[in-house]
Amino acid sequence: MSDMDRATCEFVDAILATEEYRAYAWERDKVKRHPELKAQIDDYRRVNYELQSSANIDFEKLDQFEKEYEVFRENPLVADFLAAELGLCRLIQRLNAQITERLGFE
(Lines give C-alpha, C1' and ligand atoms only; values in the text may rest on other atoms or scores of the structure.)
Protein backbone atom coordinates (compact mmCIF):
# COMPACT_ATOMS: atom_id res chain seq x y z
CA MET A 1 0.00 0.00 0.00
CA SER A 2 1.37 3.40 -0.96
CA ASP A 3 1.74 6.29 1.45
CA MET A 4 -1.10 8.09 -0.34
CA ASP A 5 -3.40 5.06 -0.03
CA ARG A 6 -2.56 4.73 3.66
CA ALA A 7 -3.17 8.44 4.26
CA THR A 8 -6.47 8.23 2.37
CA CYS A 9 -7.61 5.32 4.53
CA GLU A 10 -6.70 7.27 7.68
CA PHE A 11 -8.50 10.36 6.35
CA VAL A 12 -11.66 8.38 5.61
CA ASP A 13 -11.46 6.70 9.03
CA ALA A 14 -11.28 10.16 10.60
CA ILE A 15 -14.38 11.22 8.68
CA LEU A 16 -16.20 8.05 9.75
CA ALA A 17 -15.44 8.98 13.37
CA THR A 18 -17.03 12.45 13.13
CA GLU A 19 -20.33 13.33 14.73
CA GLU A 20 -21.58 14.47 11.32
CA TYR A 21 -20.97 11.09 9.73
CA ARG A 22 -22.31 9.12 12.70
CA ALA A 23 -25.51 11.21 12.68
CA TYR A 24 -25.87 10.72 8.92
CA ALA A 25 -25.33 6.95 9.13
CA TRP A 26 -27.83 6.67 12.00
CA GLU A 27 -30.52 8.59 10.11
CA ARG A 28 -29.74 6.81 6.82
CA ASP A 29 -30.18 3.43 8.48
CA LYS A 30 -33.51 4.51 10.04
CA VAL A 31 -34.82 5.68 6.66
CA LYS A 32 -33.69 2.45 4.95
CA ARG A 33 -36.16 0.55 7.16
CA HIS A 34 -38.93 2.34 5.25
CA PRO A 35 -38.29 1.60 1.55
CA GLU A 36 -41.25 3.63 0.27
CA LEU A 37 -40.22 6.65 2.31
CA LYS A 38 -36.61 6.24 1.17
CA ALA A 39 -37.78 6.25 -2.45
CA GLN A 40 -39.73 9.46 -1.80
CA ILE A 41 -36.68 11.05 -0.17
CA ASP A 42 -34.50 10.00 -3.10
CA ASP A 43 -37.01 11.52 -5.51
CA TYR A 44 -37.10 14.74 -3.46
CA ARG A 45 -33.31 14.93 -3.45
CA ARG A 46 -33.09 14.27 -7.20
CA VAL A 47 -35.61 16.98 -8.10
CA ASN A 48 -34.04 19.42 -5.63
CA TYR A 49 -30.61 18.81 -7.13
CA GLU A 50 -31.90 19.29 -10.68
CA LEU A 51 -33.63 22.54 -9.78
CA GLN A 52 -30.67 23.99 -7.92
CA SER A 53 -27.95 22.91 -10.34
CA SER A 54 -29.49 24.08 -13.60
CA ALA A 55 -27.68 26.85 -15.45
CA ASN A 56 -30.68 29.18 -15.09
CA ILE A 57 -32.30 28.64 -11.72
CA ASP A 58 -36.06 29.12 -12.01
CA PHE A 59 -36.91 30.56 -8.60
CA GLU A 60 -40.62 30.23 -9.28
CA LYS A 61 -40.26 26.48 -9.87
CA LEU A 62 -37.99 26.22 -6.82
CA ASP A 63 -40.56 28.03 -4.66
CA GLN A 64 -43.34 25.79 -5.99
CA PHE A 65 -41.21 22.72 -5.28
CA GLU A 66 -40.59 23.87 -1.69
CA LYS A 67 -44.32 24.44 -1.11
CA GLU A 68 -45.18 21.08 -2.67
CA TYR A 69 -42.85 19.21 -0.33
CA GLU A 70 -43.41 21.32 2.80
CA VAL A 71 -45.60 18.74 4.57
CA PHE A 72 -43.34 15.90 3.42
CA ARG A 73 -40.32 17.59 5.04
CA GLU A 74 -42.23 17.90 8.33
CA ASN A 75 -42.08 14.10 8.75
CA PRO A 76 -39.47 13.64 11.53
CA LEU A 77 -37.73 10.79 9.67
CA VAL A 78 -37.40 12.95 6.57
CA ALA A 79 -36.39 16.12 8.43
CA ASP A 80 -33.81 14.33 10.57
CA PHE A 81 -32.30 12.51 7.59
CA LEU A 82 -32.09 15.66 5.46
CA ALA A 83 -30.55 17.62 8.34
CA ALA A 84 -27.94 14.91 8.96
CA GLU A 85 -27.17 14.66 5.26
CA LEU A 86 -26.73 18.43 5.07
CA GLY A 87 -24.38 18.32 8.05
CA LEU A 88 -22.21 15.69 6.35
CA CYS A 89 -22.26 17.63 3.06
CA ARG A 90 -21.08 20.76 4.85
CA LEU A 91 -18.27 18.80 6.49
CA ILE A 92 -17.16 17.46 3.12
CA GLN A 93 -17.33 20.97 1.63
CA ARG A 94 -15.13 22.34 4.44
CA LEU A 95 -12.63 19.53 3.95
CA ASN A 96 -12.56 20.08 0.20
CA ALA A 97 -12.00 23.82 0.70
CA GLN A 98 -9.12 23.12 3.09
CA ILE A 99 -7.52 20.66 0.68
CA THR A 100 -7.73 22.97 -2.33
CA GLU A 101 -6.46 25.91 -0.28
CA ARG A 102 -3.47 23.98 1.06
CA LEU A 103 -2.64 22.78 -2.46
CA GLY A 104 -2.88 26.28 -3.85
CA PHE A 105 -5.25 24.87 -6.47
CA GLU A 106 -6.68 27.63 -8.64
# chains A, B, ... in the order shown; residues from 1 in each chain; ligands from 1

call {"tool": "residues_around", "arguments": {"residues": "stretch 92-101 of chain A", "least_positions_apart": "3", "cutoff": "12 Å", "atoms": "only C-alpha atoms", "output": "list in words"}}
result
Phe11, Val12, Ala14, Ile15, Leu16, Thr18, Glu20, Tyr21, Glu85, Leu86, Gly87, Leu88, Cys89, Gly104, Phe105 and Glu106 of chain A

call {"tool": "select_by_dssp", "arguments": {"residues": "chain A", "states": "alpha helix (DSSP H)", "output": "PyMOL selection string"}}
result
chain A and resi 3-16+19-32+35-53+59-68+70-74+76-103

call {"tool": "atom_distance", "arguments": {"atom1": "atom CA of A:Val71", "atom2": "atom CA of A:Asn56"}}
result
26.8 Å

call {"tool": "residues_around", "arguments": {"residues": "A:Val31", "least_positions_apart": "3", "cutoff": "12 Å", "atoms": "only C-alpha atoms", "output": "list in words"}}
result
Tyr24, Ala25, Trp26, Glu27, Arg28, His34, Pro35, Glu36, Leu37, Lys38, Ala39, Gln40, Ile41, Asp42, Asn75, Pro76, Leu77, Val78, Ala79, Asp80, Phe81, Leu82, Ala84 and Glu85 of chain A
